[in-house]
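As structure tokens, the structure follows; a few thoughts come after it.
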Amino acid sequence: MSSTPLPGIGVRYDLTTREHRRLSVVAQRDGARILNAYHPDDPDACALSVRLSAGETEALIDALMPAHHSPNLLSTTGLGLVAERIELPSVSYWSGRVLGDTRLRTETGASIVAVLRRADAIPSPGPDFRLSGGDTLIVIGTREGVDAAAAILGQE
């Protein structure tokens, strides 16, 4: 499996199966996915392209890997939670401000459970934690809460 960042869109994941079939998934920032399958005799010719909503993607994941086999409980739809990485823009309004100023948990119900900064991971940052442009925040909450958190954190 290989991945390719698609700036402004998301990430494309490519997989070649044992039968030499090529598949790709474009994971879009809004949670939607595009699943592509390519012709076996021409790996550059797309034979099938299906756009899946976030809910359809979760249903497909559950079908491919049932929740009771999942090592990561947050990937199950039964809990109604999602975990997502949200990058703080380099020119963010929040850069240099403390986490508590965002009022993120109060306004969205979502929680920042870790901050990735350069090569460091800061688990469970408190309200006095100072944010920096370029930080990647690990946010957990409902789909709606995480989307609202992304909107707040995207302020420039």
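Labels for the structure tokens follow display order: chains A, B, ..., residues from 1 in each chain, ligands from 1.
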- Message: DSSP on the backbone, alpha helix (DSSP H) only: what residues of segment 45-136 of chain A does that give? Format it as a PyMOL selection string.
- Response: chain A and resi 54-64+104-108
Please provide as a PDB file with all heavy atoms, in the first residue's frame all residues within 7 Å of segment 55-59 of chain A, with the sequence filter that same-chain residues fewer than 3 positions apart are discarded (counting only C-alpha atoms).
ATOM      1  N   ARG A  33     -15.228   9.127   0.238  1.00  0.00           N
ATOM      2  CA  ARG A  33     -14.171   8.316  -0.363  1.00  0.00           C
ATOM      3  C   ARG A  33     -14.560   8.016  -1.803  1.00  0.00           C
ATOM      4  O   ARG A  33     -15.735   7.879  -2.139  1.00  0.00           O
ATOM      5  CB  ARG A  33     -14.002   6.976   0.369  1.00  0.00           C
ATOM      6  CG  ARG A  33     -13.691   7.081   1.854  1.00  0.00           C
ATOM      7  CD  ARG A  33     -12.305   7.659   2.068  1.00  0.00           C
ATOM      8  NE  ARG A  33     -11.898   7.634   3.452  1.00  0.00           N
ATOM      9  CZ  ARG A  33     -11.933   8.679   4.260  1.00  0.00           C
ATOM     10  NH1 ARG A  33     -12.396   9.816   3.829  1.00  0.00           N
ATOM     11  NH2 ARG A  33     -11.511   8.595   5.495  1.00  0.00           N
ATOM     12  N   LEU A  52     -18.323   7.282  -2.368  1.00  0.00           N
ATOM     13  CA  LEU A  52     -19.012   6.841  -1.159  1.00  0.00           C
ATOM     14  C   LEU A  52     -19.079   7.985  -0.163  1.00  0.00           C
ATOM     15  O   LEU A  52     -18.072   8.663   0.074  1.00  0.00           O
ATOM     16  CB  LEU A  52     -18.275   5.662  -0.522  1.00  0.00           C
ATOM     17  CG  LEU A  52     -18.076   4.423  -1.388  1.00  0.00           C
ATOM     18  CD1 LEU A  52     -17.096   3.455  -0.721  1.00  0.00           C
ATOM     19  CD2 LEU A  52     -19.408   3.742  -1.635  1.00  0.00           C
ATOM     20  N   ASP A  62     -17.249  -1.684   7.969  1.00  0.00           N
ATOM     21  CA  ASP A  62     -17.840  -2.680   8.862  1.00  0.00           C
ATOM     22  C   ASP A  62     -18.054  -4.013   8.158  1.00  0.00           C
ATOM     23  O   ASP A  62     -17.908  -5.068   8.758  1.00  0.00           O
ATOM     24  CB  ASP A  62     -19.162  -2.177   9.442  1.00  0.00           C
ATOM     25  CG  ASP A  62     -18.961  -1.189  10.575  1.00  0.00           C
ATOM     26  OD1 ASP A  62     -17.808  -1.057  11.055  1.00  0.00           O
ATOM     27  OD2 ASP A  62     -19.941  -0.551  10.976  1.00  0.00           O
ATOM     28  N   ALA A  63     -18.395  -3.965   6.868  1.00  0.00           N
ATOM     29  CA  ALA A  63     -18.582  -5.207   6.114  1.00  0.00           C
ATOM     30  C   ALA A  63     -17.245  -5.911   5.872  1.00  0.00           C
ATOM     31  O   ALA A  63     -17.160  -7.139   5.932  1.00  0.00           O
ATOM     32  CB  ALA A  63     -19.272  -4.923   4.782  1.00  0.00           C
ATOM     33  N   THR A  77     -19.035   2.030  13.976  1.00  0.00           N
ATOM     34  CA  THR A  77     -20.136   2.970  13.858  1.00  0.00           C
ATOM     35  C   THR A  77     -21.040   2.901  15.068  1.00  0.00           C
ATOM     36  O   THR A  77     -21.759   3.842  15.346  1.00  0.00           O
ATOM     37  CB  THR A  77     -20.956   2.673  12.585  1.00  0.00           C
ATOM     38  OG1 THR A  77     -21.407   1.332  12.642  1.00  0.00           O
ATOM     39  CG2 THR A  77     -20.144   2.903  11.347  1.00  0.00           C
TER      40      THR A  77
END
Using only C-alpha atoms, what does the table of segment 71-110 of chain A residues within 10 Å of segment 121-136 of chain A look like, with each row giving the shortest atom pair and its distance in Å to one decimal, sorted by chain and ascending number, as a Markdown table?
| residue | atom | partner | partner_atom | distance |
| --- | --- | --- | --- | --- |
| A:Glu84 | CA | A:Thr136 | CA | 9.7 |
| A:Arg85 | CA | A:Thr136 | CA | 6.2 |
| A:Ile86 | CA | A:Thr136 | CA | 5.5 |
| A:Glu87 | CA | A:Thr136 | CA | 4.2 |
| A:Leu88 | CA | A:Gly134 | CA | 5.2 |
| A:Pro89 | CA | A:Gly133 | CA | 5.4 |
| A:Ser90 | CA | A:Gly133 | CA | 3.9 |
| A:Val91 | CA | A:Gly133 | CA | 6.1 |
| A:Ser92 | CA | A:Gly133 | CA | 5.8 |
| A:Tyr93 | CA | A:Gly133 | CA | 8.7 |
| A:Trp94 | CA | A:Leu131 | CA | 6.5 |
| A:Ser95 | CA | A:Ser132 | CA | 4.4 |
| A:Gly96 | CA | A:Leu131 | CA | 5.4 |
| A:Arg97 | CA | A:Arg130 | CA | 5.4 |
| A:Val98 | CA | A:Arg130 | CA | 4.2 |
| A:Leu99 | CA | A:Pro127 | CA | 4.9 |
| A:Gly100 | CA | A:Pro127 | CA | 4.1 |
| A:Asp101 | CA | A:Pro127 | CA | 7.7 |
| A:Thr102 | CA | A:Pro127 | CA | 9.0 |
| A:Arg103 | CA | A:Pro127 | CA | 9.0 |
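Atom pair atom CA of Ala149 of chain A / atom CA of Leu6 of chain A has a distance of 21.9 Å (rounded to one decimal).
Atom CA of Arg51 of chain A sits 11.9 Å away from atom CA of Ser24 of chain A.
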Go through chain A and collect every residue that DSSP, computed from the backbone, puts in strand (DSSP E); the answer should be as a tab-separated table (two decimals) with N, CA, C and O atoms, in the first residue's frame.
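Contents of the output file result-v4.tsv:
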chain	number	residue	atom	x	y	z
A	2	SER	N	0.56	2.18	-0.85
A	2	SER	CA	1.29	3.45	-0.87
A	2	SER	C	0.27	4.57	-0.75
A	2	SER	O	-0.91	4.39	-1.05
A	3	SER	N	0.73	5.73	-0.29
A	3	SER	CA	-0.18	6.87	-0.16
A	3	SER	C	0.46	8.09	-0.82
A	3	SER	O	1.68	8.25	-0.83
A	4	THR	N	-0.42	8.93	-1.37
A	4	THR	CA	0.01	10.16	-2.03
A	4	THR	C	-0.85	11.30	-1.52
A	4	THR	O	-2.07	11.26	-1.69
A	5	PRO	N	-0.25	12.31	-0.87
A	5	PRO	CA	-1.04	13.47	-0.44
A	5	PRO	C	-1.60	14.20	-1.66
A	5	PRO	O	-0.90	14.37	-2.67
A	6	LEU	N	-2.84	14.63	-1.56
A	6	LEU	CA	-3.49	15.42	-2.60
A	6	LEU	C	-3.87	16.75	-1.97
A	6	LEU	O	-4.93	16.86	-1.35
A	10	GLY	N	-7.20	15.58	-0.04
A	10	GLY	CA	-7.07	14.50	0.93
A	10	GLY	C	-5.85	13.66	0.63
A	10	GLY	O	-4.77	14.19	0.35
A	11	VAL	N	-6.04	12.35	0.62
A	11	VAL	CA	-4.93	11.41	0.39
A	11	VAL	C	-5.42	10.29	-0.53
A	11	VAL	O	-6.56	9.83	-0.40
A	12	ARG	N	-4.57	9.89	-1.47
A	12	ARG	CA	-4.88	8.75	-2.32
A	12	ARG	C	-4.06	7.56	-1.86
A	12	ARG	O	-2.85	7.66	-1.66
A	13	TYR	N	-4.74	6.42	-1.66
A	13	TYR	CA	-4.09	5.18	-1.26
A	13	TYR	C	-4.17	4.21	-2.43
A	13	TYR	O	-5.23	4.02	-3.02
A	14	ASP	N	-3.04	3.59	-2.78
A	14	ASP	CA	-2.98	2.64	-3.89
A	14	ASP	C	-2.59	1.27	-3.35
A	14	ASP	O	-1.70	1.17	-2.49
A	15	LEU	N	-3.24	0.25	-3.86
A	15	LEU	CA	-2.99	-1.12	-3.44
A	15	LEU	C	-2.97	-2.02	-4.67
A	15	LEU	O	-3.84	-1.90	-5.54
A	16	THR	N	-1.99	-2.88	-4.74
A	16	THR	CA	-1.97	-3.92	-5.77
A	16	THR	C	-2.17	-5.25	-5.06
A	16	THR	O	-1.42	-5.58	-4.14
A	22	ARG	N	-5.13	-3.64	-9.47
A	22	ARG	CA	-4.81	-2.35	-8.87
A	22	ARG	C	-6.08	-1.65	-8.41
A	22	ARG	O	-7.05	-1.52	-9.17
A	23	LEU	N	-6.06	-1.22	-7.13
A	23	LEU	CA	-7.18	-0.49	-6.54
A	23	LEU	C	-6.64	0.82	-5.96
A	23	LEU	O	-5.48	0.89	-5.55
A	24	SER	N	-7.49	1.83	-5.88
A	24	SER	CA	-7.11	3.05	-5.19
A	24	SER	C	-8.32	3.60	-4.46
A	24	SER	O	-9.47	3.35	-4.84
A	25	VAL	N	-8.04	4.31	-3.38
A	25	VAL	CA	-9.07	5.01	-2.62
A	25	VAL	C	-8.59	6.44	-2.43
A	25	VAL	O	-7.47	6.66	-1.97
A	26	VAL	N	-9.44	7.38	-2.80
A	26	VAL	CA	-9.15	8.79	-2.52
A	26	VAL	C	-9.96	9.15	-1.28
A	26	VAL	O	-11.19	9.14	-1.32
A	27	ALA	N	-9.24	9.40	-0.18
A	27	ALA	CA	-9.87	9.78	1.08
A	27	ALA	C	-9.96	11.29	1.11
A	27	ALA	O	-8.94	11.97	1.25
A	28	GLN	N	-11.16	11.81	0.94
A	28	GLN	CA	-11.35	13.25	0.88
A	28	GLN	C	-11.50	13.82	2.28
A	28	GLN	O	-11.93	13.13	3.21
A	33	ARG	N	-15.23	9.13	0.24
A	33	ARG	CA	-14.17	8.32	-0.36
A	33	ARG	C	-14.56	8.02	-1.80
A	33	ARG	O	-15.73	7.88	-2.14
A	34	ILE	N	-13.54	7.91	-2.67
A	34	ILE	CA	-13.76	7.47	-4.04
A	34	ILE	C	-12.96	6.19	-4.20
A	34	ILE	O	-11.73	6.19	-4.02
A	35	LEU	N	-13.65	5.10	-4.49
A	35	LEU	CA	-13.03	3.80	-4.67
A	35	LEU	C	-12.88	3.55	-6.17
A	35	LEU	O	-13.85	3.67	-6.92
A	36	ASN	N	-11.66	3.23	-6.61
A	36	ASN	CA	-11.38	2.99	-8.02
A	36	ASN	C	-10.78	1.61	-8.21
A	36	ASN	O	-9.96	1.18	-7.40
A	37	ALA	N	-11.18	0.93	-9.28
A	37	ALA	CA	-10.59	-0.35	-9.68
A	37	ALA	C	-10.15	-0.19	-11.13
A	37	ALA	O	-10.84	0.45	-11.94
A	38	TYR	N	-9.01	-0.77	-11.45
A	38	TYR	CA	-8.42	-0.57	-12.77
A	38	TYR	C	-8.45	-1.87	-13.58
A	38	TYR	O	-8.47	-2.97	-13.02
A	46	CYS	N	-9.15	3.13	-15.73
A	46	CYS	CA	-10.09	2.91	-14.63
A	46	CYS	C	-11.31	2.13	-15.15
A	46	CYS	O	-11.96	2.54	-16.10
A	47	ALA	N	-11.60	1.00	-14.52
A	47	ALA	CA	-12.74	0.17	-14.91
A	47	ALA	C	-13.98	0.51	-14.09
A	47	ALA	O	-15.11	0.32	-14.53
A	48	LEU	N	-13.77	1.05	-12.86
A	48	LEU	CA	-14.88	1.34	-11.96
A	48	LEU	C	-14.46	2.47	-11.03
A	48	LEU	O	-13.35	2.47	-10.50
A	49	SER	N	-15.36	3.42	-10.82
A	49	SER	CA	-15.13	4.49	-9.87
A	49	SER	C	-16.43	4.73	-9.13
A	49	SER	O	-17.47	4.99	-9.75
A	50	VAL	N	-16.38	4.61	-7.80
A	50	VAL	CA	-17.58	4.75	-6.98
A	50	VAL	C	-17.31	5.78	-5.88
A	50	VAL	O	-16.35	5.64	-5.13
A	51	ARG	N	-18.17	6.80	-5.81
A	51	ARG	CA	-18.06	7.79	-4.73
A	51	ARG	C	-18.92	7.31	-3.56
A	51	ARG	O	-20.09	6.97	-3.74
A	52	LEU	N	-18.32	7.28	-2.37
A	52	LEU	CA	-19.01	6.84	-1.16
A	52	LEU	C	-19.08	7.99	-0.16
A	52	LEU	O	-18.07	8.66	0.07
A	82	VAL	N	-15.86	9.50	15.88
A	82	VAL	CA	-14.81	9.49	14.86
A	82	VAL	C	-13.58	10.14	15.45
A	82	VAL	O	-13.67	10.97	16.36
A	83	ALA	N	-12.42	9.74	14.97
A	83	ALA	CA	-11.16	10.37	15.34
A	83	ALA	C	-10.55	10.91	14.06
A	83	ALA	O	-10.55	10.22	13.04
A	84	GLU	N	-10.08	12.13	14.10
A	84	GLU	CA	-9.56	12.75	12.89
A	84	GLU	C	-8.39	13.64	13.21
A	84	GLU	O	-8.32	14.24	14.27
A	85	ARG	N	-7.45	13.70	12.25
A	85	ARG	CA	-6.33	14.63	12.35
A	85	ARG	C	-6.74	15.93	11.70
A	85	ARG	O	-7.21	15.94	10.57
A	86	ILE	N	-6.55	17.03	12.42
A	86	ILE	CA	-6.86	18.34	11.87
A	86	ILE	C	-5.60	19.19	11.98
A	86	ILE	O	-5.08	19.39	13.09
A	87	GLU	N	-5.11	19.66	10.84
A	87	GLU	CA	-3.89	20.47	10.86
A	87	GLU	C	-4.25	21.93	11.05
A	87	GLU	O	-5.13	22.47	10.38
A	111	SER	N	-13.21	16.61	21.53
A	111	SER	CA	-12.04	16.78	22.39
A	111	SER	C	-10.75	16.60	21.60
A	111	SER	O	-10.66	15.73	20.74
A	112	ILE	N	-9.77	17.42	21.93
A	112	ILE	CA	-8.42	17.25	21.38
A	112	ILE	C	-7.70	16.31	22.34
A	112	ILE	O	-7.47	16.66	23.50
A	113	VAL	N	-7.37	15.12	21.85
A	113	VAL	CA	-6.76	14.11	22.73
A	113	VAL	C	-5.24	14.07	22.59
A	113	VAL	O	-4.57	13.48	23.44
A	114	ALA	N	-4.72	14.68	21.55
A	114	ALA	CA	-3.26	14.75	21.37
A	114	ALA	C	-2.93	15.82	20.35
A	114	ALA	O	-3.77	16.19	19.52
A	115	VAL	N	-1.70	16.32	20.44
A	115	VAL	CA	-1.18	17.27	19.46
A	115	VAL	C	0.13	16.71	18.94
A	115	VAL	O	0.98	16.28	19.71
A	116	LEU	N	0.25	16.67	17.61
A	116	LEU	CA	1.49	16.25	16.97
A	116	LEU	C	2.21	17.51	16.51
A	116	LEU	O	1.66	18.29	15.74
A	117	ARG	N	3.41	17.69	17.01
A	117	ARG	CA	4.20	18.89	16.68
A	117	ARG	C	5.59	18.44	16.28
A	117	ARG	O	6.32	17.90	17.10
A	120	ASP	N	7.26	15.37	17.83
A	120	ASP	CA	6.74	15.11	19.17
A	120	ASP	C	5.24	14.88	19.17
A	120	ASP	O	4.51	15.45	18.36
A	121	ALA	N	4.79	14.06	20.11
A	121	ALA	CA	3.37	13.87	20.35
A	121	ALA	C	3.09	14.32	21.78
A	121	ALA	O	3.77	13.90	22.72
A	122	ILE	N	2.11	15.21	21.93
A	122	ILE	CA	1.74	15.70	23.24
A	122	ILE	C	0.36	15.14	23.56
A	122	ILE	O	-0.65	15.58	22.99
A	123	PRO	N	0.29	14.13	24.45
A	123	PRO	CA	-1.02	13.54	24.78
A	123	PRO	C	-1.80	14.41	25.76
A	123	PRO	O	-1.21	15.12	26.58
A	136	THR	N	-0.67	19.36	14.32
A	136	THR	CA	-1.73	18.45	13.90
A	136	THR	C	-2.45	18.02	15.16
A	136	THR	O	-1.83	17.47	16.08
A	137	LEU	N	-3.74	18.28	15.23
A	137	LEU	CA	-4.54	17.98	16.41
A	137	LEU	C	-5.33	16.70	16.17
A	137	LEU	O	-5.97	16.55	15.12
A	138	ILE	N	-5.28	15.78	17.12
A	138	ILE	CA	-6.09	14.57	17.05
A	138	ILE	C	-7.38	14.87	17.82
A	138	ILE	O	-7.36	15.10	19.03
A	139	VAL	N	-8.50	14.88	17.08
A	139	VAL	CA	-9.78	15.29	17.63
A	139	VAL	C	-10.73	14.10	17.61
A	139	VAL	O	-10.83	13.40	16.60
A	140	ILE	N	-11.43	13.89	18.72
A	140	ILE	CA	-12.41	12.80	18.82
A	140	ILE	C	-13.75	13.39	19.22
A	140	ILE	O	-13.83	14.25	20.09
A	141	GLY	N	-14.80	12.91	18.55
A	141	GLY	CA	-16.16	13.34	18.86
A	141	GLY	C	-17.12	12.76	17.85
A	141	GLY	O	-16.78	11.85	17.10
